[in-house]
Amino acid sequence: MARPSKLEGAERAAALTALTAAGWTHDAKRDAISKTYTFKNFVEAFGFMTKAAIWAEKLDHHPEWSNVYKTVEVTLSTHDVDGLTELDLKLAQKMDAFT
Ligand SMILES: C[C@H](O)[C@H](O)[C@H]1CNC2=NC(N)=NC(=O)C2=N1
């Protein structure tokens with residue numbers, strides 16, 4: 001896959017507006033987005049992680065995440081460019097679709 005470029009300008013602004021509306025927070029210092037998902041129980045949380053992991057492999061783009069019981073904390077950023085790219089948006093959209 002071609003190396004993604006960092007999101008800039010209007011595309012970036014629109015993406016951050018949509019992500020914020022969907023419950024993501026933006027860490028400007030790191031240029032990463034984070035969200036905490038809370039499920040009914042551990043099985044639901046782990047099911048979400050399993051679906052997200054399959055997409056992460058397909059996209060060759062991987063989350064930073066942790067799980068405690070029914071909570072999954074996710075941070076997305078593209079390490080290769082030290083910031084947000086199209087891949088982070090795609091993975092965020094997929095993750096939101098799995099909830
Ligand atoms: C070689 C491989 O394509 C890269 O290391 C990929 C894998 N997954 C990745 N995931 C994330 N979040 N950022 C990356 O820059 C990244 N790079």
# chains A, B, ... in the order shown; residues from 1 in each chain; ligands from 1

$ select_by_dssp --residues "chain A" --states "helix (DSSP H, G or I)" --output "JSON list (two decimals) with C-alpha atoms, in the first residue's frame"
[["chain", "number", "residue", "atom", "x", "y", "z"],
["A", 9, "GLY", "CA", -6.39, 21.65, 5.35],
["A", 10, "ALA", "CA", -10.11, 21.38, 4.73],
["A", 11, "GLU", "CA", -10.10, 17.60, 4.54],
["A", 12, "ARG", "CA", -8.50, 17.45, 7.94],
["A", 13, "ALA", "CA", -10.87, 20.00, 9.48],
["A", 14, "ALA", "CA", -13.94, 18.18, 8.14],
["A", 15, "ALA", "CA", -12.64, 14.84, 9.39],
["A", 16, "LEU", "CA", -11.97, 16.17, 12.89],
["A", 17, "THR", "CA", -15.43, 17.75, 13.07],
["A", 18, "ALA", "CA", -17.07, 14.44, 12.11],
["A", 19, "LEU", "CA", -14.88, 12.43, 14.48],
["A", 20, "THR", "CA", -15.57, 14.76, 17.40],
["A", 21, "ALA", "CA", -19.31, 14.46, 16.74],
["A", 42, "PHE", "CA", -16.39, -8.72, 28.16],
["A", 43, "VAL", "CA", -17.62, -10.94, 25.32],
["A", 44, "GLU", "CA", -19.08, -7.92, 23.50],
["A", 45, "ALA", "CA", -15.88, -5.95, 24.04],
["A", 46, "PHE", "CA", -13.70, -8.77, 22.81],
["A", 47, "GLY", "CA", -16.00, -9.38, 19.83],
["A", 48, "PHE", "CA", -15.52, -5.74, 18.85],
["A", 49, "MET", "CA", -11.74, -6.10, 19.16],
["A", 50, "THR", "CA", -11.79, -9.23, 17.01],
["A", 51, "LYS", "CA", -13.72, -7.51, 14.21],
["A", 52, "ALA", "CA", -11.53, -4.42, 14.46],
["A", 53, "ALA", "CA", -8.36, -6.54, 14.41],
["A", 54, "ILE", "CA", -9.39, -8.21, 11.14],
["A", 55, "TRP", "CA", -9.90, -4.77, 9.58],
["A", 56, "ALA", "CA", -6.63, -3.52, 11.00],
["A", 57, "GLU", "CA", -4.86, -6.35, 9.21],
["A", 58, "LYS", "CA", -6.73, -5.68, 5.96],
["A", 59, "LEU", "CA", -5.76, -2.02, 6.10],
["A", 86, "GLU", "CA", -6.81, 8.59, 5.73],
["A", 87, "LEU", "CA", -6.08, 5.21, 7.32],
["A", 88, "ASP", "CA", -6.96, 6.49, 10.78],
["A", 89, "LEU", "CA", -10.27, 7.80, 9.46],
["A", 90, "LYS", "CA", -11.04, 4.48, 7.78],
["A", 91, "LEU", "CA", -10.25, 2.46, 10.87],
["A", 92, "ALA", "CA", -12.24, 4.85, 13.09],
["A", 93, "GLN", "CA", -15.26, 4.53, 10.78],
["A", 94, "LYS", "CA", -15.00, 0.75, 10.78],
["A", 95, "MET", "CA", -14.73, 0.63, 14.57],
["A", 96, "ASP", "CA", -17.77, 2.88, 14.99],
["A", 97, "ALA", "CA", -19.70, 0.68, 12.57]]

$ closest_atom_pairs --of "chain A" --to "ligand 1" --cutoff "9 Å" --atoms "only C-alpha atoms and all ligand atoms" --output "CSV"
residue,atom,partner,partner_atom_place_in_ligand_line,distance
A:Met1,CA,ligand 1,3 (O),7.7
A:Arg3,CA,ligand 1,3 (O),8.3
A:Pro4,CA,ligand 1,15 (O),8.8
A:Ala56,CA,ligand 1,8 (N),7.9
A:Glu57,CA,ligand 1,8 (N),8.2
A:Leu59,CA,ligand 1,8 (N),8.2
A:Asp60,CA,ligand 1,8 (N),5.1
A:His61,CA,ligand 1,10 (N),3.7
A:His62,CA,ligand 1,10 (N),3.9
A:Pro63,CA,ligand 1,12 (N),5.4
A:Glu64,CA,ligand 1,12 (N),7.2
A:Thr75,CA,ligand 1,12 (N),8.7
A:Leu76,CA,ligand 1,12 (N),6.0
A:Ser77,CA,ligand 1,12 (N),5.2
A:Thr78,CA,ligand 1,13 (N),3.7
A:His79,CA,ligand 1,15 (O),3.6
A:Asp80,CA,ligand 1,15 (O),3.8
A:Val81,CA,ligand 1,15 (O),6.7
A:Asp82,CA,ligand 1,15 (O),7.8
A:Gly83,CA,ligand 1,13 (N),8.8
A:Leu87,CA,ligand 1,12 (N),8.1
A:Asp88,CA,ligand 1,12 (N),7.3

$ atom_distance --atom1 "CA of Ser34 (chain A)" --atom2 "CA of Val74 (chain A)"
5.4 Å

$ select_by_dssp --residues "chain A" --states "strand (DSSP E)" --output "VMD selection string"
chain A and resid 25 to 27 32 to 38 64 to 68 71 to 76

$ write_last_selection --atoms "N, CA and C atoms" --output "compact mmCIF listing (two decimals), in the first residue's frame"
# COMPACT_ATOMS: atom_id res chain seq x y z
N THR A 25 -11.89 12.05 20.59
CA THR A 25 -11.20 13.27 21.01
C THR A 25 -9.86 13.35 20.28
N HIS A 26 -9.43 14.57 20.03
CA HIS A 26 -8.19 14.77 19.27
C HIS A 26 -7.10 15.28 20.19
N ASP A 27 -6.00 14.59 20.24
CA ASP A 27 -4.82 15.06 20.97
C ASP A 27 -3.95 15.80 19.95
N ALA A 32 -3.28 12.58 17.34
CA ALA A 32 -3.89 11.25 17.43
C ALA A 32 -5.33 11.42 17.88
N ILE A 33 -6.16 10.43 17.56
CA ILE A 33 -7.55 10.45 18.03
C ILE A 33 -7.78 9.29 18.98
N SER A 34 -8.65 9.52 19.96
CA SER A 34 -8.93 8.49 20.96
C SER A 34 -10.42 8.39 21.23
N LYS A 35 -10.83 7.19 21.60
CA LYS A 35 -12.22 6.97 21.98
C LYS A 35 -12.29 5.81 22.97
N THR A 36 -13.20 5.92 23.92
CA THR A 36 -13.45 4.84 24.86
C THR A 36 -14.79 4.21 24.53
N TYR A 37 -14.77 2.93 24.21
CA TYR A 37 -16.00 2.19 23.95
C TYR A 37 -16.36 1.39 25.19
N THR A 38 -17.63 1.45 25.57
CA THR A 38 -18.10 0.65 26.70
C THR A 38 -19.19 -0.30 26.20
N GLU A 64 -3.64 1.45 18.72
CA GLU A 64 -3.07 1.33 20.07
C GLU A 64 -4.32 1.18 20.92
N TRP A 65 -4.41 0.13 21.69
CA TRP A 65 -5.64 -0.06 22.45
C TRP A 65 -5.40 -0.88 23.70
N SER A 66 -6.38 -0.78 24.60
CA SER A 66 -6.34 -1.63 25.80
C SER A 66 -7.76 -2.00 26.17
N ASN A 67 -7.88 -3.10 26.85
CA ASN A 67 -9.18 -3.61 27.25
C ASN A 67 -9.16 -3.93 28.74
N VAL A 68 -10.16 -3.44 29.46
CA VAL A 68 -10.39 -3.85 30.83
C VAL A 68 -11.86 -4.23 30.93
N THR A 71 -14.65 -2.46 28.76
CA THR A 71 -14.21 -1.17 28.21
C THR A 71 -13.01 -1.37 27.29
N VAL A 72 -13.06 -0.70 26.13
CA VAL A 72 -11.93 -0.73 25.21
C VAL A 72 -11.52 0.71 24.92
N GLU A 73 -10.29 1.03 25.22
CA GLU A 73 -9.76 2.37 24.93
C GLU A 73 -8.90 2.28 23.68
N VAL A 74 -9.21 3.15 22.72
CA VAL A 74 -8.53 3.09 21.42
C VAL A 74 -7.86 4.42 21.12
N THR A 75 -6.64 4.37 20.63
CA THR A 75 -5.98 5.56 20.08
C THR A 75 -5.49 5.23 18.68
N LEU A 76 -5.78 6.14 17.75
CA LEU A 76 -5.36 5.93 16.36
C LEU A 76 -4.46 7.08 15.91

$ atom_distance --atom1 "CA of Trp24 (chain A)" --atom2 "CA of Leu7 (chain A)"
16.4 Å

$ decode --residues "region 64-75 of chain A" --atoms "all heavy atoms" --output "PDB file, in the first residue's frame"
ATOM      1  N   GLU A  64      -3.643   1.448  18.716  1.00  0.00           N
ATOM      2  CA  GLU A  64      -3.075   1.333  20.070  1.00  0.00           C
ATOM      3  C   GLU A  64      -4.322   1.185  20.921  1.00  0.00           C
ATOM      4  O   GLU A  64      -5.226   2.011  20.839  1.00  0.00           O
ATOM      5  CB  GLU A  64      -2.342   2.622  20.455  1.00  0.00           C
ATOM      6  CG  GLU A  64      -1.183   2.936  19.553  1.00  0.00           C
ATOM      7  CD  GLU A  64      -0.663   4.366  19.763  1.00  0.00           C
ATOM      8  OE1 GLU A  64      -0.757   4.893  20.884  1.00  0.00           O
ATOM      9  OE2 GLU A  64      -0.174   4.935  18.788  1.00  0.00           O
ATOM     10  N   TRP A  65      -4.409   0.132  21.689  1.00  0.00           N
ATOM     11  CA  TRP A  65      -5.640  -0.057  22.447  1.00  0.00           C
ATOM     12  C   TRP A  65      -5.400  -0.882  23.696  1.00  0.00           C
ATOM     13  O   TRP A  65      -4.388  -1.571  23.839  1.00  0.00           O
ATOM     14  CB  TRP A  65      -6.745  -0.652  21.587  1.00  0.00           C
ATOM     15  CG  TRP A  65      -6.480  -1.976  20.913  1.00  0.00           C
ATOM     16  CD1 TRP A  65      -5.371  -2.752  21.061  1.00  0.00           C
ATOM     17  CD2 TRP A  65      -7.337  -2.656  19.979  1.00  0.00           C
ATOM     18  NE1 TRP A  65      -5.506  -3.876  20.269  1.00  0.00           N
ATOM     19  CE2 TRP A  65      -6.698  -3.843  19.598  1.00  0.00           C
ATOM     20  CE3 TRP A  65      -8.576  -2.373  19.442  1.00  0.00           C
ATOM     21  CZ2 TRP A  65      -7.246  -4.754  18.705  1.00  0.00           C
ATOM     22  CZ3 TRP A  65      -9.125  -3.272  18.551  1.00  0.00           C
ATOM     23  CH2 TRP A  65      -8.471  -4.448  18.187  1.00  0.00           C
ATOM     24  N   SER A  66      -6.385  -0.782  24.605  1.00  0.00           N
ATOM     25  CA  SER A  66      -6.336  -1.625  25.801  1.00  0.00           C
ATOM     26  C   SER A  66      -7.764  -1.997  26.171  1.00  0.00           C
ATOM     27  O   SER A  66      -8.720  -1.300  25.807  1.00  0.00           O
ATOM     28  CB  SER A  66      -5.668  -0.896  26.962  1.00  0.00           C
ATOM     29  OG  SER A  66      -6.444   0.193  27.366  1.00  0.00           O
ATOM     30  N   ASN A  67      -7.875  -3.105  26.850  1.00  0.00           N
ATOM     31  CA  ASN A  67      -9.179  -3.612  27.253  1.00  0.00           C
ATOM     32  C   ASN A  67      -9.159  -3.933  28.737  1.00  0.00           C
ATOM     33  O   ASN A  67      -8.241  -4.577  29.233  1.00  0.00           O
ATOM     34  CB  ASN A  67      -9.518  -4.879  26.441  1.00  0.00           C
ATOM     35  CG  ASN A  67     -10.595  -5.741  27.075  1.00  0.00           C
ATOM     36  OD1 ASN A  67     -10.344  -6.898  27.407  1.00  0.00           O
ATOM     37  ND2 ASN A  67     -11.770  -5.195  27.260  1.00  0.00           N
ATOM     38  N   VAL A  68     -10.156  -3.437  29.455  1.00  0.00           N
ATOM     39  CA  VAL A  68     -10.389  -3.855  30.834  1.00  0.00           C
ATOM     40  C   VAL A  68     -11.857  -4.233  30.930  1.00  0.00           C
ATOM     41  O   VAL A  68     -12.744  -3.379  30.758  1.00  0.00           O
ATOM     42  CB  VAL A  68     -10.054  -2.735  31.848  1.00  0.00           C
ATOM     43  CG1 VAL A  68     -10.376  -3.197  33.264  1.00  0.00           C
ATOM     44  CG2 VAL A  68      -8.597  -2.328  31.740  1.00  0.00           C
ATOM     45  N   TYR A  69     -12.102  -5.520  31.121  1.00  0.00           N
ATOM     46  CA  TYR A  69     -13.479  -6.048  31.207  1.00  0.00           C
ATOM     47  C   TYR A  69     -14.313  -5.590  30.006  1.00  0.00           C
ATOM     48  O   TYR A  69     -14.093  -6.063  28.889  1.00  0.00           O
ATOM     49  CB  TYR A  69     -14.087  -5.693  32.568  1.00  0.00           C
ATOM     50  CG  TYR A  69     -15.516  -6.162  32.777  1.00  0.00           C
ATOM     51  CD1 TYR A  69     -15.977  -7.385  32.270  1.00  0.00           C
ATOM     52  CD2 TYR A  69     -16.418  -5.374  33.495  1.00  0.00           C
ATOM     53  CE1 TYR A  69     -17.287  -7.792  32.467  1.00  0.00           C
ATOM     54  CE2 TYR A  69     -17.728  -5.784  33.702  1.00  0.00           C
ATOM     55  CZ  TYR A  69     -18.158  -6.986  33.177  1.00  0.00           C
ATOM     56  OH  TYR A  69     -19.465  -7.375  33.371  1.00  0.00           O
ATOM     57  N   LYS A  70     -15.267  -4.668  30.192  1.00  0.00           N
ATOM     58  CA  LYS A  70     -16.155  -4.324  29.075  1.00  0.00           C
ATOM     59  C   LYS A  70     -15.799  -2.989  28.416  1.00  0.00           C
ATOM     60  O   LYS A  70     -16.569  -2.460  27.623  1.00  0.00           O
ATOM     61  CB  LYS A  70     -17.605  -4.318  29.554  1.00  0.00           C
ATOM     62  CG  LYS A  70     -17.897  -3.341  30.665  1.00  0.00           C
ATOM     63  CD  LYS A  70     -19.357  -3.471  31.092  1.00  0.00           C
ATOM     64  CE  LYS A  70     -19.671  -2.433  32.157  1.00  0.00           C
ATOM     65  NZ  LYS A  70     -21.080  -2.445  32.532  1.00  0.00           N
ATOM     66  N   THR A  71     -14.647  -2.459  28.764  1.00  0.00           N
ATOM     67  CA  THR A  71     -14.208  -1.173  28.214  1.00  0.00           C
ATOM     68  C   THR A  71     -13.010  -1.367  27.293  1.00  0.00           C
ATOM     69  O   THR A  71     -12.075  -2.102  27.620  1.00  0.00           O
ATOM     70  CB  THR A  71     -13.827  -0.214  29.368  1.00  0.00           C
ATOM     71  OG1 THR A  71     -14.989  -0.042  30.186  1.00  0.00           O
ATOM     72  CG2 THR A  71     -13.372   1.128  28.852  1.00  0.00           C
ATOM     73  N   VAL A  72     -13.061  -0.703  26.134  1.00  0.00           N
ATOM     74  CA  VAL A  72     -11.932  -0.732  25.207  1.00  0.00           C
ATOM     75  C   VAL A  72     -11.525   0.713  24.921  1.00  0.00           C
ATOM     76  O   VAL A  72     -12.348   1.513  24.464  1.00  0.00           O
ATOM     77  CB  VAL A  72     -12.294  -1.446  23.880  1.00  0.00           C
ATOM     78  CG1 VAL A  72     -11.087  -1.468  22.942  1.00  0.00           C
ATOM     79  CG2 VAL A  72     -12.791  -2.869  24.141  1.00  0.00           C
ATOM     80  N   GLU A  73     -10.285   1.031  25.219  1.00  0.00           N
ATOM     81  CA  GLU A  73      -9.759   2.367  24.934  1.00  0.00           C
ATOM     82  C   GLU A  73      -8.902   2.277  23.682  1.00  0.00           C
ATOM     83  O   GLU A  73      -7.986   1.452  23.617  1.00  0.00           O
ATOM     84  CB  GLU A  73      -8.914   2.873  26.106  1.00  0.00           C
ATOM     85  CG  GLU A  73      -9.750   3.255  27.309  1.00  0.00           C
ATOM     86  CD  GLU A  73      -8.915   3.830  28.446  1.00  0.00           C
ATOM     87  OE1 GLU A  73      -7.688   3.999  28.254  1.00  0.00           O
ATOM     88  OE2 GLU A  73      -9.484   4.089  29.513  1.00  0.00           O
ATOM     89  N   VAL A  74      -9.212   3.146  22.723  1.00  0.00           N
ATOM     90  CA  VAL A  74      -8.535   3.093  21.421  1.00  0.00           C
ATOM     91  C   VAL A  74      -7.857   4.423  21.121  1.00  0.00           C
ATOM     92  O   VAL A  74      -8.451   5.486  21.341  1.00  0.00           O
ATOM     93  CB  VAL A  74      -9.568   2.816  20.305  1.00  0.00           C
ATOM     94  CG1 VAL A  74      -8.894   2.800  18.938  1.00  0.00           C
ATOM     95  CG2 VAL A  74     -10.317   1.511  20.544  1.00  0.00           C
ATOM     96  N   THR A  75      -6.637   4.373  20.629  1.00  0.00           N
ATOM     97  CA  THR A  75      -5.976   5.560  20.083  1.00  0.00           C
ATOM     98  C   THR A  75      -5.488   5.229  18.683  1.00  0.00           C
ATOM     99  O   THR A  75      -4.912   4.158  18.456  1.00  0.00           O
ATOM    100  CB  THR A  75      -4.787   5.998  20.965  1.00  0.00           C
ATOM    101  OG1 THR A  75      -5.284   6.396  22.246  1.00  0.00           O
ATOM    102  CG2 THR A  75      -4.036   7.171  20.350  1.00  0.00           C
TER     103      THR A  75
END
